[in-house]
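Quick look at query18.txt (compact mmCIF, C-alpha atoms):
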# COMPACT_ATOMS: atom_id res chain seq x y z
CA MET A 1 3.67 20.48 46.12
CA ASP A 2 0.77 18.08 45.63
CA ILE A 3 0.19 14.49 46.70
CA ASP A 4 -2.08 11.75 45.40
CA PRO A 5 -5.08 10.62 47.47
CA PHE A 6 -4.25 7.57 49.56
CA GLY A 7 -6.00 4.91 47.49
CA LEU A 8 -6.57 2.20 50.06
CA GLU A 9 -7.61 4.64 52.78
CA ARG A 10 -10.28 6.01 50.44
CA TRP A 11 -11.46 2.44 49.79
CA PHE A 12 -11.61 1.81 53.52
CA ALA A 13 -13.46 5.07 54.09
CA ARG A 14 -16.15 3.92 51.67
CA TYR A 15 -16.63 0.39 53.04
CA GLU A 16 -14.92 -0.27 56.38
CA HIS A 17 -17.42 1.40 58.69
CA GLU A 18 -20.46 -0.62 57.60
CA ALA A 19 -18.74 -3.96 56.86
CA ASP A 20 -18.90 -6.86 59.32
CA VAL A 21 -15.47 -8.40 58.74
CA MET A 22 -12.24 -6.57 57.89
CA LEU A 23 -9.87 -8.87 56.00
CA ALA A 24 -7.96 -6.10 54.26
CA GLU A 25 -6.09 -5.10 57.44
CA SER A 26 -2.43 -6.03 57.12
CA GLY A 27 -1.29 -6.40 60.73
CA ILE A 28 -1.64 -8.87 63.57
CA ARG A 29 -4.73 -8.70 65.82
CA SER A 30 -4.56 -5.98 68.48
CA LEU A 31 -3.54 -6.77 72.05
CA GLU A 32 -5.75 -5.79 74.98
CA ALA A 33 -4.63 -2.67 76.85
CA ASP A 34 -5.01 -4.31 80.26
CA ARG A 35 -1.89 -6.39 79.58
CA PHE A 36 0.15 -3.26 80.31
CA ASP A 37 0.64 -0.64 82.99
CA LEU A 38 -1.15 2.36 81.46
CA ASP A 39 -0.05 5.05 83.93
CA PRO A 40 2.88 7.10 82.57
CA GLY A 41 2.62 9.61 85.38
CA GLU A 42 2.34 13.23 84.34
CA VAL A 43 0.75 13.54 80.90
CA GLY A 44 3.18 15.94 79.28
CA TYR A 45 5.54 15.98 76.34
CA VAL A 46 8.22 13.33 76.00
CA ILE A 47 11.43 15.14 76.97
CA PRO A 48 13.72 15.34 75.07
CA THR A 49 11.33 15.35 72.15
CA ASN A 50 13.28 12.76 70.15
CA GLY A 51 12.59 10.22 72.91
CA ASP A 52 13.94 9.03 76.25
CA PRO A 53 17.76 8.79 75.73
CA GLU A 54 18.10 5.59 77.74
CA PHE A 55 15.27 3.96 75.81
CA ARG A 56 16.71 5.16 72.49
CA ALA A 57 20.01 3.57 73.48
CA ARG A 58 18.22 0.27 74.15
CA VAL A 59 16.57 0.40 70.74
CA GLY A 60 19.83 1.46 69.09
CA ASP A 61 21.57 -1.64 70.49
CA ARG A 62 19.34 -3.73 68.23
CA TYR A 63 21.04 -2.16 65.22
CA GLY A 64 24.55 -1.70 66.58
CA ARG A 65 23.83 2.03 66.78
CA SER A 66 23.86 4.66 69.50
CA ALA A 67 21.01 6.62 71.09
CA ASP A 68 21.81 9.55 68.79
CA GLU A 69 21.18 7.30 65.79
CA VAL A 70 17.56 6.62 66.79
CA LEU A 71 14.54 8.93 66.57
CA PHE A 72 11.17 7.95 68.04
CA THR A 73 8.19 8.76 65.82
CA CYS A 74 4.42 8.41 65.64
CA GLY A 75 4.40 5.08 63.82
CA THR A 76 6.34 3.95 60.77
CA GLN A 77 4.35 6.37 58.64
CA GLU A 78 5.99 9.38 60.28
CA ALA A 79 9.36 7.63 60.32
CA ASN A 80 9.28 7.23 56.54
CA PHE A 81 7.89 10.71 56.01
CA LEU A 82 10.64 12.37 58.06
CA THR A 83 13.31 10.32 56.31
CA TYR A 84 12.08 11.49 52.92
CA LEU A 85 11.94 15.09 54.09
CA SER A 86 15.53 14.73 55.27
CA LEU A 87 16.88 13.22 52.07
CA VAL A 88 14.71 13.96 49.04
CA ALA A 89 13.18 17.31 50.01
CA SER A 90 16.48 18.89 51.05
CA SER A 91 19.30 20.17 48.87
CA ASP A 92 21.81 20.54 51.70
CA PRO A 93 24.55 17.98 52.27
CA VAL A 94 23.98 15.54 55.10
CA GLY A 95 26.79 15.59 57.64
CA ASP A 96 30.52 15.46 56.98
CA ASP A 97 30.69 12.01 55.41
CA GLY A 98 30.48 13.27 51.84
CA ILE A 99 26.99 11.85 51.28
CA GLY A 100 24.52 14.40 49.98
CA SER A 101 20.80 14.39 49.51
CA GLY A 102 19.15 14.54 46.11
CA SER A 103 15.82 14.95 44.38
CA HIS A 104 15.45 11.35 43.19
CA ALA A 105 14.36 8.10 44.88
CA VAL A 106 14.33 4.54 43.60
CA VAL A 107 11.38 2.62 45.08
CA VAL A 108 10.80 -1.12 44.75
CA THR A 109 7.11 -1.72 44.03
CA PRO A 110 4.39 -2.91 44.54
CA THR A 111 4.50 -1.47 48.02
CA TYR A 112 2.81 0.68 50.64
CA GLN A 113 1.62 3.77 48.80
CA ALA A 114 3.35 6.31 51.04
CA LEU A 115 6.72 4.85 50.09
CA HIS A 116 6.37 6.18 46.55
CA ALA A 117 3.69 8.89 46.84
CA VAL A 118 5.53 11.00 49.42
CA PRO A 119 8.83 11.35 47.50
CA GLU A 120 6.84 11.88 44.29
CA ALA A 121 5.25 14.91 45.95
CA PHE A 122 8.51 16.84 46.14
CA GLY A 123 10.97 14.93 43.96
CA GLU A 124 11.22 12.26 41.31
CA VAL A 125 10.70 8.52 41.73
CA THR A 126 11.78 5.61 39.56
CA ARG A 127 9.89 2.43 40.37
CA VAL A 128 11.53 -0.97 40.12
CA GLU A 129 8.72 -3.46 39.71
CA LEU A 130 8.70 -6.89 41.29
CA SER A 131 7.18 -9.53 39.03
CA PRO A 132 4.83 -12.39 39.90
CA PRO A 133 4.79 -15.18 40.75
CA GLU A 134 8.03 -15.01 42.78
CA TRP A 135 8.25 -11.21 43.31
CA GLU A 136 12.05 -11.48 43.56
CA LEU A 137 14.17 -8.44 44.33
CA ASP A 138 16.56 -7.73 41.46
CA PRO A 139 19.68 -5.78 42.51
CA ASP A 140 20.69 -5.28 38.86
CA ALA A 141 17.36 -3.59 38.10
CA VAL A 142 17.85 -1.32 41.11
CA ALA A 143 21.36 -0.46 39.91
CA ASP A 144 20.01 0.42 36.46
CA ALA A 145 17.46 2.78 38.04
CA VAL A 146 19.94 4.71 40.19
CA ARG A 147 20.95 8.15 38.93
CA GLU A 148 23.53 10.73 39.91
CA ASP A 149 20.92 12.62 41.94
CA THR A 150 19.50 9.52 43.69
CA ALA A 151 19.27 10.15 47.43
CA VAL A 152 17.67 6.93 48.57
CA VAL A 153 16.73 3.42 47.45
CA VAL A 154 13.61 2.07 49.16
CA VAL A 155 12.61 -1.51 49.94
CA ASN A 156 9.75 -2.82 52.09
CA ASN A 157 10.82 -6.15 53.62
CA PRO A 158 8.79 -8.29 54.12
CA ASN A 159 6.86 -6.76 51.28
CA ASN A 160 3.37 -5.30 51.48
CA PRO A 161 1.20 -6.44 49.66
CA THR A 162 2.84 -9.67 48.46
CA GLY A 163 4.22 -10.91 51.80
CA ARG A 164 7.52 -11.72 50.01
CA TYR A 165 10.53 -11.80 52.35
CA HIS A 166 13.45 -10.76 50.15
CA ALA A 167 16.57 -12.84 50.77
CA GLU A 168 19.12 -11.06 52.95
CA GLU A 169 21.80 -11.67 50.34
CA ARG A 170 19.80 -9.69 47.75
CA VAL A 171 19.02 -6.90 50.20
CA ARG A 172 22.73 -6.61 50.94
CA GLU A 173 23.44 -6.37 47.22
CA VAL A 174 20.94 -3.52 46.97
CA TYR A 175 22.63 -1.90 49.98
CA ASP A 176 25.94 -2.08 48.12
CA VAL A 177 24.32 -0.43 45.08
CA ALA A 178 23.12 2.44 47.25
CA ALA A 179 26.44 2.84 49.05
CA GLU A 180 28.43 2.78 45.80
CA ASN A 181 26.26 5.62 44.52
CA ASP A 182 26.47 7.77 47.69
CA ALA A 183 22.83 7.07 48.47
CA TYR A 184 21.05 5.42 51.38
CA LEU A 185 19.05 2.21 51.52
CA LEU A 186 15.81 2.83 53.43
CA CYS A 187 14.07 -0.37 54.48
CA ASP A 188 10.57 -0.32 55.96
CA GLU A 189 10.82 -3.34 58.27
CA VAL A 190 7.49 -3.10 60.06
CA TYR A 191 6.71 -6.81 59.41
CA ARG A 192 10.26 -8.13 60.00
CA LEU A 193 9.75 -9.62 63.46
CA LEU A 194 6.65 -11.59 62.43
CA ALA A 195 8.91 -13.91 60.44
CA SER A 196 9.95 -17.06 62.29
CA SER A 197 13.60 -16.35 61.42
CA PRO A 198 13.95 -12.56 61.14
CA GLN A 199 16.77 -11.22 59.02
CA LYS A 200 19.23 -8.63 60.28
CA PRO A 201 17.87 -5.07 59.94
CA VAL A 202 19.28 -2.84 57.21
CA ALA A 203 20.42 -0.20 59.72
CA SER A 204 22.94 -2.76 60.97
CA PHE A 205 24.52 -3.15 57.51
CA GLY A 206 26.60 0.02 57.68
CA ALA A 207 26.67 3.80 57.28
CA HIS A 208 24.25 3.82 54.36
CA GLY A 209 21.52 1.74 56.01
CA ILE A 210 18.29 3.17 57.45
CA SER A 211 15.59 1.06 59.12
CA THR A 212 12.07 2.23 59.93
CA THR A 213 9.56 0.28 61.95
CA SER A 214 6.98 0.45 64.74
CA LEU A 215 5.06 -1.65 67.24
CA THR A 216 2.06 -1.80 64.90
CA LYS A 217 2.33 -4.88 62.72
CA ALA A 218 4.45 -7.42 64.60
CA TYR A 219 3.42 -6.48 68.14
CA GLY A 220 -0.30 -5.82 67.67
CA LEU A 221 -0.05 -2.33 69.17
CA SER A 222 -1.18 -0.10 66.30
CA GLY A 223 -3.04 2.31 68.60
CA LEU A 224 0.19 3.32 70.34
CA ARG A 225 1.38 5.04 67.16
CA PHE A 226 4.94 4.40 68.30
CA GLY A 227 7.78 3.82 65.86
CA TRP A 228 11.32 4.90 65.08
CA ILE A 229 14.05 5.56 62.56
CA ALA A 230 17.46 3.95 63.06
CA GLY A 231 20.31 5.15 60.87
CA PRO A 232 23.28 7.47 60.48
CA GLU A 233 23.37 10.33 62.97
CA PRO A 234 23.36 13.12 60.31
CA VAL A 235 20.10 11.76 58.87
CA ILE A 236 18.57 11.29 62.32
CA GLU A 237 19.52 14.84 63.31
CA ARG A 238 17.89 16.28 60.22
CA ALA A 239 14.78 14.13 60.73
CA TRP A 240 14.51 15.45 64.30
CA ARG A 241 14.57 19.00 62.95
CA TRP A 242 11.65 18.15 60.67
CA LYS A 243 9.83 16.39 63.50
CA ASP A 244 9.74 19.69 65.40
CA TYR A 245 7.25 20.79 62.71
CA THR A 246 5.15 17.61 62.63
CA THR A 247 4.33 15.85 65.92
CA ILE A 248 7.04 17.48 68.08
CA SER A 249 7.43 14.37 70.25
CA PRO A 250 6.15 10.80 70.40
CA SER A 251 3.17 10.06 72.61
CA ILE A 252 3.94 9.80 76.33
CA PHE A 253 1.53 6.85 76.53
CA GLY A 254 3.11 5.25 73.47
CA GLN A 255 6.62 5.48 74.88
CA HIS A 256 5.45 4.21 78.29
CA VAL A 257 3.83 1.07 76.86
CA ALA A 258 6.60 0.61 74.27
CA LYS A 259 9.16 0.28 77.07
CA GLN A 260 7.13 -2.62 78.43
CA ALA A 261 6.51 -4.25 75.04
CA LEU A 262 10.23 -4.10 74.22
CA GLY A 263 11.22 -5.26 77.69
CA ARG A 264 10.53 -8.51 79.49
CA ARG A 265 7.16 -8.93 77.73
CA GLU A 266 8.66 -8.87 74.23
CA GLU A 267 9.61 -12.53 73.85
CA GLY A 268 6.14 -13.67 74.89
CA ILE A 269 4.33 -11.15 72.68
CA LEU A 270 6.32 -12.07 69.56
CA ALA A 271 6.04 -15.81 70.21
CA GLU A 272 2.28 -15.49 70.62
CA ASN A 273 1.91 -13.39 67.49
CA ARG A 274 4.11 -15.64 65.37
CA GLU A 275 2.13 -18.67 66.48
CA LEU A 276 -1.10 -16.94 65.45
CA ALA A 277 0.39 -15.88 62.11
CA ASP A 278 1.77 -19.36 61.37
CA GLY A 279 -1.52 -21.09 62.16
CA ASN A 280 -3.52 -18.61 60.10
CA ARG A 281 -1.05 -18.92 57.24
CA GLU A 282 -1.77 -22.65 57.06
CA ARG A 283 -5.50 -21.92 57.08
CA ILE A 284 -5.34 -19.36 54.28
CA ALA A 285 -2.99 -21.55 52.24
CA ALA A 286 -5.64 -24.27 52.25
CA TRP A 287 -8.29 -21.70 51.30
CA VAL A 288 -6.23 -20.36 48.38
CA ASP A 289 -5.64 -23.92 47.16
CA ARG A 290 -9.34 -24.78 47.51
CA HIS A 291 -10.30 -21.99 45.12
CA GLY A 292 -7.44 -22.59 42.66
CA LEU A 293 -5.84 -19.17 43.21
CA GLU A 294 -2.18 -18.36 42.64
CA TRP A 295 0.03 -16.65 45.23
CA HIS A 296 3.50 -16.49 46.73
CA GLU A 297 3.26 -17.92 50.25
CA PRO A 298 3.99 -14.93 52.52
CA ALA A 299 6.37 -14.52 55.44
CA SER A 300 4.22 -11.83 57.05
CA VAL A 301 0.41 -11.59 57.40
CA ASN A 302 -0.41 -10.25 53.91
CA ALA A 303 -1.29 -12.40 50.92
CA PHE A 304 -1.71 -11.21 47.33
CA PRO A 305 -3.57 -13.94 45.43
CA THR A 306 -5.06 -13.80 41.97
CA ILE A 307 -8.79 -13.13 41.76
CA PRO A 308 -11.11 -16.11 41.22
CA GLU A 309 -12.77 -16.85 37.89
CA GLY A 310 -16.10 -15.20 37.22
CA PHE A 311 -15.01 -11.61 37.92
CA ALA A 312 -13.75 -9.05 35.44
CA ASP A 313 -11.06 -7.63 37.71
CA ALA A 314 -10.07 -7.13 41.33
CA ARG A 315 -12.22 -4.05 41.80
CA GLU A 316 -15.36 -5.93 40.74
CA PHE A 317 -14.46 -8.92 42.92
CA CYS A 318 -13.75 -6.89 46.07
CA ARG A 319 -16.80 -4.68 45.56
CA THR A 320 -19.01 -7.75 45.15
CA VAL A 321 -17.59 -9.38 48.28
CA VAL A 322 -18.13 -6.36 50.48
CA GLU A 323 -21.61 -5.61 49.13
CA GLU A 324 -22.87 -9.20 49.21
CA ALA A 325 -20.97 -10.63 52.18
CA GLY A 326 -19.91 -7.64 54.30
CA VAL A 327 -16.20 -8.52 54.07
CA VAL A 328 -13.59 -5.91 53.14
CA LEU A 329 -10.72 -7.01 50.88
CA ALA A 330 -8.23 -4.73 49.11
CA PRO A 331 -8.40 -4.64 45.30
CA GLY A 332 -5.03 -5.20 43.70
CA ASP A 333 -5.31 -2.25 41.32
CA LEU A 334 -4.56 -0.10 44.38
CA PHE A 335 -1.09 -1.66 44.14
CA GLY A 336 -0.90 -1.72 40.35
CA PHE A 337 -2.23 -5.27 39.78
CA SER A 338 -5.85 -5.47 38.66
CA ASP A 339 -5.86 -9.29 38.63
CA ARG A 340 -5.02 -9.68 42.34
CA PHE A 341 -6.36 -8.73 45.75
CA ARG A 342 -4.75 -8.26 49.15
CA ILE A 343 -6.05 -10.20 52.10
CA GLY A 344 -4.73 -9.95 55.64
CA PHE A 345 -4.70 -13.00 57.87
CA GLY A 346 -3.31 -11.73 61.17
CA HIS A 347 -6.78 -11.67 62.72
CA ARG A 348 -8.18 -13.76 65.53
CA ARG A 349 -8.87 -17.23 64.20
CA GLU A 350 -12.66 -17.00 64.48
CA THR A 351 -12.69 -13.70 62.57
CA LEU A 352 -10.53 -15.13 59.80
CA GLU A 353 -12.66 -18.29 59.55
CA GLU A 354 -15.91 -16.34 59.30
CA GLY A 355 -14.47 -13.97 56.72
CA LEU A 356 -13.06 -16.74 54.54
CA ASP A 357 -16.33 -18.67 54.70
CA ARG A 358 -18.27 -15.61 53.55
CA VAL A 359 -15.86 -14.91 50.69
CA SER A 360 -16.05 -18.57 49.66
CA GLY A 361 -19.82 -18.24 49.47
CA VAL A 362 -19.52 -15.30 47.07
CA ILE A 363 -16.94 -17.09 44.91
CA GLU A 364 -19.03 -20.25 44.70
CA ALA A 365 -22.27 -18.39 44.01
CA HIS A 366 -20.75 -16.45 41.13
CA ALA A 367 -18.96 -19.49 39.74
CA ALA A 368 -22.32 -21.26 39.61
CA GLY A 369 -24.45 -18.39 38.33
CA GLY A 370 -22.07 -16.11 36.47
CA SER A 371 -21.18 -12.55 37.39
CA GLU A 372 -22.21 -9.10 36.29
CA ALA A 373 -20.32 -5.96 37.18
CA ASN A 374 -22.63 -4.43 39.76
CA GLY A 375 -25.61 -4.37 37.43
CA ASP A 376 -24.65 -1.61 35.03
CA GLY A 377 -20.88 -2.00 35.28
CA GLU A 378 -20.45 0.94 37.63
CA THR A 379 -17.07 1.14 39.36
CA VAL A 380 -16.21 2.71 42.69
CA ASP A 381 -14.06 5.84 42.70
CA ASP A 382 -12.27 5.44 39.39
CA ALA A 383 -9.98 8.29 40.44
CA VAL A 384 -8.36 6.22 43.21
CA PRO A 385 -4.63 5.84 42.38
CA ASP A 386 -2.49 2.76 42.82
CA GLY A 387 -0.96 2.26 46.23
CA GLY A 388 -1.68 0.67 49.57
CA SER A 389 -1.93 1.47 53.22
CA ARG A 390 -2.67 -0.31 56.48
Would you write the structure of this file as structure tokens?
Amino acid sequence: MDIDPFGLERWFARYEHEADVMLAESGIRSLEADRFDLDPGEVGYVIPTNGDPEFRARVGDRYGRSADEVLFTCGTQEANFLTYLSLVASSDPVGDDGIGSGSHAVVVTPTYQALHAVPEAFGEVTRVELSPPEWELDPDAVADAVREDTAVVVVNNPNNPTGRYHAEERVREVYDVAAENDAYLLCDEVYRLLASSPQKPVASFGAHGISTTSLTKAYGLSGLRFGWIAGPEPVIERAWRWKDYTTISPSIFGQHVAKQALGRREEGILAENRELADGNRERIAAWVDRHGLEWHEPASVNAFPTIPEGFADAREFCRTVVEEAGVVLAPGDLFGFSDRFRIGFGHRRETLEEGLDRVSGVIEAHAAGGSEANGDGETVDDAVPDGGSR
């Protein structure tokens, strides 16, 4: 088994440490720790290791599922990883419902790299590409991609990098495609609650629905590394077995703060974060319009505009911006689109304003004086594959 390097993480590793402004980050700004009680008591393992049963029951209620249909994980990354191990990397049947696992996944792209790279490491993946400018989910294209050995269909909603929030009606059609083919629909919903009118989660659709998420993107609590899988009990049970070989249990600190964030503080946290996202979305919409860029206005805090004139491709544009202005953007070739770049706008307003002003300076300077590709045309890490992360 082999896996591709994580393209965006390698880009970050090269530039993030020395840059002044990070506009490639795809989440909301982080909350201060002093807003929470940080004393969990004894610093031991979470027992049982799949998470506090009462807390799992509370989370399960959000999906119309029981405590045994929820597994707490170290972020959405582990949630997705364990789900793939349970479905694509296993040849055993899952439970007594007649649904088996298989070696094939259908993944709607562009998307977060792990959603296609992980199943590609131990199975086969067919990608169903979204197309600009609308990036609309096409249930018929998903149906055409499904095979007899398809274990899971995968959608990221709202989408990373485009910010597209696929209509619930279309997601339900894709769910029906999966169910009709004895497969599951896995939906990475880590941005769902940043939308002003969140759709129902896929795990609430029925027996074939699996939702993964965390407190990272919508809550501004990435450092907790606290997430979960919600879905059918046979899948959750198998994922728990795999978790025994990964992180064993979620963090005791993460679970302790998560109980508070999902308790009486939740309404205030989400309202505050949505207000920030909405205001910043208006600001970046004006910025995109000012520079004549094309985009699909996002529901989350990621935008995927076209690159400005004067640059050969996204890699040259993003490299020029970070080297001349100290601002990190994500080149779109990491997601399979060399004419676009990803920019996050969930930051504090002053950070976003400074970053956009600096990028504007680079765009305007190169529009006035022309652009050369880093002197001799050198590119950075040509071996970096397509895909995206944080």
> Could you list as a list in words every residue that has an atom within 12 Å of (6.1, -11.1, 37.6), using the file's coordinates and counting all atoms listed in the file?
Replying inline: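 Protein and nucleic acid residues near the point are Thr109, Pro110, Val128, Glu129, Leu130, Ser131, Pro132, Pro133, Glu134, Trp135, Glu136, Leu137, Asp138, Thr162, Trp295, His296 and Phe337 of chain A.
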Sorted per-residue table, stretch 121-203 of chain A near stretch 70-87 of chain A, closest atoms and distance, 12 Å, all atoms listed in the file, as a tab-separated table:
residue	atom	partner	partner_atom	distance
A:Ala121	CA	A:Tyr84	CA	10.3
A:Phe122	CA	A:Leu85	CA	8.8
A:Gly123	CA	A:Tyr84	CA	9.7
A:Glu124	CA	A:Tyr84	CA	11.7
A:Val125	CA	A:Tyr84	CA	11.7
A:Asp149	CA	A:Leu87	CA	10.9
A:Thr150	CA	A:Leu87	CA	9.5
A:Ala151	CA	A:Leu87	CA	6.1
A:Val152	CA	A:Leu87	CA	7.2
A:Val153	CA	A:Tyr84	CA	10.8
A:Val154	CA	A:Asn80	CA	10.0
A:Val155	CA	A:Asn80	CA	11.4
A:Asn156	CA	A:Asn80	CA	11.0
A:Asp182	CA	A:Leu87	CA	11.9
A:Ala183	CA	A:Leu87	CA	9.3
A:Tyr184	CA	A:Leu87	CA	8.9
A:Leu185	CA	A:Thr83	CA	11.0
A:Leu186	CA	A:Thr83	CA	8.4
A:Cys187	CA	A:Asn80	CA	9.2
A:Asp188	CA	A:Asn80	CA	7.7
A:Glu189	CA	A:Thr76	CA	8.9
A:Val190	CA	A:Thr76	CA	7.2
A:Tyr191	CA	A:Thr76	CA	10.9
A:Ala203	CA	A:Val70	CA	10.2
What are the closest atom pairs, with distances in Å to one decimal, for all residues of stretch 269-366 of chain A lying within 12 Å of stretch 209-222 of chain A? Consider all atoms listed in the file, order rows by chain and residue number, and present the result as CSV.
residue,atom,partner,partner_atom,distance
A:Ile269,CA,A:Tyr219,CA,6.6
A:Leu270,CA,A:Tyr219,CA,6.5
A:Ala271,CA,A:Tyr219,CA,9.9
A:Glu272,CA,A:Tyr219,CA,9.4
A:Asn273,CA,A:Ala218,CA,7.1
A:Arg274,CA,A:Ala218,CA,8.3
A:Glu275,CA,A:Ala218,CA,11.6
A:Leu276,CA,A:Ala218,CA,11.1
A:Ala277,CA,A:Ala218,CA,9.7
A:Ala299,CA,A:Ala218,CA,11.7
A:Ser300,CA,A:Ala218,CA,8.7
A:Val301,CA,A:Lys217,CA,8.8
A:Asn302,CA,A:Lys217,CA,10.7
A:Gly344,CA,A:Lys217,CA,11.2
A:Phe345,CA,A:Lys217,CA,11.8
A:Gly346,CA,A:Lys217,CA,9.0
A:His347,CA,A:Gly220,CA,10.0
A:Arg348,CA,A:Gly220,CA,11.4
> To one decimal place, how far is atom CA of A:Gly227 from atom CA of A:Val46 in Å?
Replying inline: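 So the two atoms, atom CA of A:Gly227 and atom CA of A:Val46, lie 13.9 Å apart.
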> In Å, how far is it from atom CA of A:His366 to atom CA of A:Asn280?
Replying inline: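 Interatomic distance here is 25.7 Å.
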>> My list of candidates is A:Val235, A:Ala230, A:Val328, A:Glu267. Which is closest to A:Arg58 when distances are computed with all atoms listed in the file?
In response: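 Ranking A:Val235, A:Ala230, A:Val328, A:Glu267 by distance to A:Arg58, first place goes to A:Ala230.
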>> Please report the interatomic distance between atom CA of A:Gln255 and atom CA of A:Arg238 in Å with one decimal.
In response: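 Going from atom CA of A:Gln255 over to atom CA of A:Arg238 covers 21.4 Å.
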> Of the candidates A:Val257, A:Tyr15, A:His291, A:Ala24, which one gets nearest to A:Leu352 if we count only C-alpha atoms?
Replying inline: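 That would be A:Ala24, the residue with the smallest distance to A:Leu352.
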> Between A:Val108, A:Ala258, A:Val118, A:Ala179, which has the minimum distance to A:Val59 (counting only C-alpha atoms)?
Replying inline: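 Going through A:Val108, A:Ala258, A:Val118, A:Ala179 one by one, the smallest distance to A:Val59 is for A:Ala258.
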> Pick the closest to A:Ile284 from A:Arg319, A:Ile252, A:Glu350, A:Ile343: which is it, counting only C-alpha atoms?
Replying inline: A:Ile343
> Looking at A:Glu294, A:Arg281, A:Ile3, A:Pro40, which one is nearest to A:Glu120, with distances taken over all atoms listed in the file?
Replying inline: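 That would be A:Ile3, the residue with the smallest distance to A:Glu120.
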Identify, on the basis of all atoms listed in the file, every residue whose closest approach to A:Asp20 does not exceed 10 Å; exclude the query and any residue fewer than 5 positions from it along the same chain; express the result as a PDB file with C-alpha atoms, in the coordinates of the input.
ATOM      1  CA  TYR A  15     -16.630   0.390  53.040  1.00  0.00           C
ATOM      2  CA  VAL A 322     -18.130  -6.360  50.480  1.00  0.00           C
ATOM      3  CA  ALA A 325     -20.970 -10.630  52.180  1.00  0.00           C
ATOM      4  CA  GLY A 326     -19.910  -7.640  54.300  1.00  0.00           C
ATOM      5  CA  VAL A 327     -16.200  -8.520  54.070  1.00  0.00           C
ATOM      6  CA  VAL A 328     -13.590  -5.910  53.140  1.00  0.00           C
ATOM      7  CA  THR A 351     -12.690 -13.700  62.570  1.00  0.00           C
ATOM      8  CA  GLU A 354     -15.910 -16.340  59.300  1.00  0.00           C
ATOM      9  CA  GLY A 355     -14.470 -13.970  56.720  1.00  0.00           C
TER      10      GLY A 355
END
> Using all atoms listed in the file, which residue out of A:Asp176, A:Asp313, A:Asp52, A:Glu233 lies closest to A:Arg65?
Replying inline: A:Glu233
